[in-house]
file final_11.cif (mmCIF, N, CA and C atoms)
data_coords
#
loop_
_atom_site.group_PDB
_atom_site.id
_atom_site.type_symbol
_atom_site.label_atom_id
_atom_site.label_comp_id
_atom_site.auth_asym_id
_atom_site.auth_seq_id
_atom_site.Cartn_x
_atom_site.Cartn_y
_atom_site.Cartn_z
ATOM 1 N N GLY Z 1 0.821 -1.186 0.000
ATOM 2 C CA GLY Z 1 0.000 0.000 0.000
ATOM 3 C C GLY Z 1 0.860 1.242 0.000
ATOM 4 N N ILE Z 2 0.178 2.341 -0.096
ATOM 5 C CA ILE Z 2 0.840 3.641 -0.081
ATOM 6 C C ILE Z 2 0.936 4.105 1.361
ATOM 7 N N LYS Z 3 2.139 4.481 1.775
ATOM 8 C CA LYS Z 3 2.329 4.935 3.149
ATOM 9 C C LYS Z 3 2.696 6.408 3.149
ATOM 10 N N ARG Z 4 2.032 7.160 4.006
ATOM 11 C CA ARG Z 4 2.321 8.579 4.200
ATOM 12 C C ARG Z 4 2.287 8.870 5.683
ATOM 13 N N PRO Z 5 3.013 9.870 6.109
ATOM 14 C CA PRO Z 5 2.872 10.276 7.503
ATOM 15 C C PRO Z 5 1.454 10.811 7.736
ATOM 16 N N GLU Z 6 0.983 10.754 8.986
ATOM 17 C CA GLU Z 6 -0.378 11.201 9.292
ATOM 18 C C GLU Z 6 -0.644 12.627 8.838
ATOM 19 N N ASP Z 7 0.358 13.487 8.889
ATOM 20 C CA ASP Z 7 0.163 14.877 8.487
ATOM 21 C C ASP Z 7 0.678 15.142 7.072
ATOM 22 N N GLY Z 8 0.906 14.088 6.292
ATOM 23 C CA GLY Z 8 1.480 14.253 4.964
ATOM 24 C C GLY Z 8 0.504 14.099 3.821
ATOM 25 N N GLY Z 9 -0.782 14.030 4.113
ATOM 26 C CA GLY Z 9 -1.771 13.881 3.049
ATOM 27 C C GLY Z 9 -2.009 15.178 2.307
ATOM 28 N N ARG Z 10 -2.777 15.096 1.252
ATOM 29 C CA ARG Z 10 -3.060 16.273 0.448
ATOM 30 C C ARG Z 10 -4.359 16.960 0.859
ATOM 31 N N GLY Z 11 -5.094 16.369 1.778
ATOM 32 C CA GLY Z 11 -6.335 16.991 2.217
ATOM 33 C C GLY Z 11 -7.396 16.968 1.129
ATOM 34 N N LEU Z 12 -8.289 17.929 1.176
ATOM 35 C CA LEU Z 12 -9.396 17.971 0.224
ATOM 36 C C LEU Z 12 -9.143 18.922 -0.939
ATOM 37 N N ASP Z 13 -7.931 19.459 -1.049
ATOM 38 C CA ASP Z 13 -7.628 20.339 -2.178
ATOM 39 C C ASP Z 13 -7.818 19.583 -3.483
ATOM 40 N N GLY Z 14 -8.608 20.136 -4.370
ATOM 41 C CA GLY Z 14 -8.821 19.519 -5.674
ATOM 42 C C GLY Z 14 -9.931 18.488 -5.709
ATOM 43 N N VAL Z 15 -10.554 18.180 -4.577
ATOM 44 C CA VAL Z 15 -11.649 17.212 -4.553
ATOM 45 C C VAL Z 15 -12.932 17.925 -4.951
ATOM 46 N N VAL Z 16 -13.684 17.326 -5.858
ATOM 47 C CA VAL Z 16 -14.947 17.906 -6.302
ATOM 48 C C VAL Z 16 -16.059 16.872 -6.175
ATOM 49 N N ILE Z 17 -17.291 17.346 -6.092
ATOM 50 C CA ILE Z 17 -18.455 16.460 -6.041
ATOM 51 C C ILE Z 17 -18.812 16.064 -7.464
ATOM 52 N N LYS Z 18 -19.083 14.773 -7.679
ATOM 53 C CA LYS Z 18 -19.462 14.298 -9.008
ATOM 54 C C LYS Z 18 -20.858 14.789 -9.358
ATOM 55 N N ASP Z 19 -21.045 15.181 -10.602
ATOM 56 C CA ASP Z 19 -22.347 15.557 -11.115
ATOM 57 C C ASP Z 19 -23.221 14.314 -11.231
ATOM 58 N N THR Z 20 -24.529 14.477 -11.171
ATOM 59 C CA THR Z 20 -25.427 13.323 -11.292
ATOM 60 C C THR Z 20 -25.306 12.654 -12.656
ATOM 61 N N GLN Z 21 -24.821 13.375 -13.658
ATOM 62 C CA GLN Z 21 -24.655 12.822 -15.005
ATOM 63 C C GLN Z 21 -23.252 12.257 -15.243
ATOM 64 N N TYR Z 22 -22.411 12.248 -14.206
ATOM 65 C CA TYR Z 22 -21.035 11.757 -14.334
ATOM 66 C C TYR Z 22 -21.031 10.302 -14.772
ATOM 67 N N LEU Z 23 -20.187 9.983 -15.727
ATOM 68 C CA LEU Z 23 -20.067 8.611 -16.203
ATOM 69 C C LEU Z 23 -18.595 8.291 -16.398
ATOM 70 N N ASN Z 24 -18.156 7.217 -15.782
ATOM 71 C CA ASN Z 24 -16.801 6.734 -15.980
ATOM 72 C C ASN Z 24 -16.930 5.382 -16.665
ATOM 73 N N PRO Z 25 -16.692 5.306 -17.973
ATOM 74 C CA PRO Z 25 -16.891 4.041 -18.687
ATOM 75 C C PRO Z 25 -16.001 2.922 -18.164
ATOM 76 N N PHE Z 26 -14.871 3.239 -17.570
ATOM 77 C CA PHE Z 26 -13.988 2.206 -17.042
ATOM 78 C C PHE Z 26 -14.686 1.395 -15.958
ATOM 79 N N ILE Z 27 -15.463 2.068 -15.106
ATOM 80 C CA ILE Z 27 -16.158 1.376 -14.017
ATOM 81 C C ILE Z 27 -17.113 0.335 -14.587
ATOM 82 N N GLU Z 28 -17.886 0.700 -15.594
ATOM 83 C CA GLU Z 28 -18.835 -0.250 -16.191
ATOM 84 C C GLU Z 28 -18.099 -1.414 -16.849
ATOM 85 N N LEU Z 29 -17.002 -1.142 -17.526
ATOM 86 C CA LEU Z 29 -16.219 -2.212 -18.159
ATOM 87 C C LEU Z 29 -15.625 -3.141 -17.104
ATOM 88 N N MET Z 30 -15.139 -2.579 -16.013
ATOM 89 C CA MET Z 30 -14.552 -3.377 -14.945
ATOM 90 C C MET Z 30 -15.615 -4.278 -14.308
ATOM 91 N N ARG Z 31 -16.801 -3.713 -14.045
ATOM 92 C CA ARG Z 31 -17.881 -4.510 -13.457
ATOM 93 C C ARG Z 31 -18.289 -5.642 -14.390
ATOM 94 N N ALA Z 32 -18.419 -5.351 -15.675
ATOM 95 C CA ALA Z 32 -18.808 -6.378 -16.639
ATOM 96 C C ALA Z 32 -17.778 -7.498 -16.652
ATOM 97 N N ASP Z 33 -16.503 -7.146 -16.594
ATOM 98 C CA ASP Z 33 -15.443 -8.152 -16.593
ATOM 99 C C ASP Z 33 -15.484 -8.985 -15.316
ATOM 100 N N LEU Z 34 -15.733 -8.351 -14.185
ATOM 101 C CA LEU Z 34 -15.804 -9.079 -12.912
ATOM 102 C C LEU Z 34 -16.969 -10.056 -12.901
ATOM 103 N N PHE Z 35 -18.133 -9.613 -13.357
ATOM 104 C CA PHE Z 35 -19.306 -10.492 -13.345
ATOM 105 C C PHE Z 35 -19.155 -11.619 -14.357
ATOM 106 N N LYS Z 36 -18.448 -11.366 -15.445
ATOM 107 C CA LYS Z 36 -18.209 -12.397 -16.456
ATOM 108 C C LYS Z 36 -17.389 -13.533 -15.852
ATOM 109 N N GLU Z 37 -16.410 -13.195 -15.022
ATOM 110 C CA GLU Z 37 -15.537 -14.209 -14.429
ATOM 111 C C GLU Z 37 -16.247 -15.039 -13.369
ATOM 112 N N GLU Z 38 -17.290 -14.471 -12.726
ATOM 113 C CA GLU Z 38 -17.999 -15.193 -11.669
ATOM 114 C C GLU Z 38 -18.876 -16.308 -12.217
ATOM 115 N N THR Z 39 -19.354 -16.186 -13.438
ATOM 116 C CA THR Z 39 -20.278 -17.185 -13.983
ATOM 117 C C THR Z 39 -19.557 -18.319 -14.650
#
call {"tool": "encode", "arguments": {"input": "final_11.cif", "output": "structure tokens"}}
result
Amino acid sequence: GIKRPEDGGRGLDGVVIKDTQYLNPFIELMRADLFKEET
């Protein structure tokens, strides 16, 4: 894993809330691949 000191994080700078229309096609492809392997 990634190790950082407790006070060495980047905080919430640059973090944004996803829009309701946000779509990440990678997530859908990853899920389809995972479910394909289970059957």
call {"tool": "atom_distance", "arguments": {"input": "final_11.cif", "atom1": "atom C of Leu23 in chain Z", "atom2": "atom N of Phe35 in chain Z"}}
result
18.2 Å
call {"tool": "atom_distance", "arguments": {"input": "final_11.cif", "atom1": "CA of Gly14 in chain Z", "atom2": "atom N of Gly1 in chain Z"}}
result
23.5 Å
call {"tool": "atom_distance", "arguments": {"input": "final_11.cif", "atom1": "atom C of Val15 in chain Z", "atom2": "atom N of Arg31 in chain Z"}}
result
23.8 Å
call {"tool": "axis_aligned_box", "arguments": {"input": "final_11.cif", "around": "range 28-32 of chain Z", "padding_each_side": "6 Å", "output": "AutoDock Vina command-line options"}}
result
--center_x -16.7 --center_y -3.4 --center_z -15.8 --size_x 16.3 --size_y 20.2 --size_z 16.7
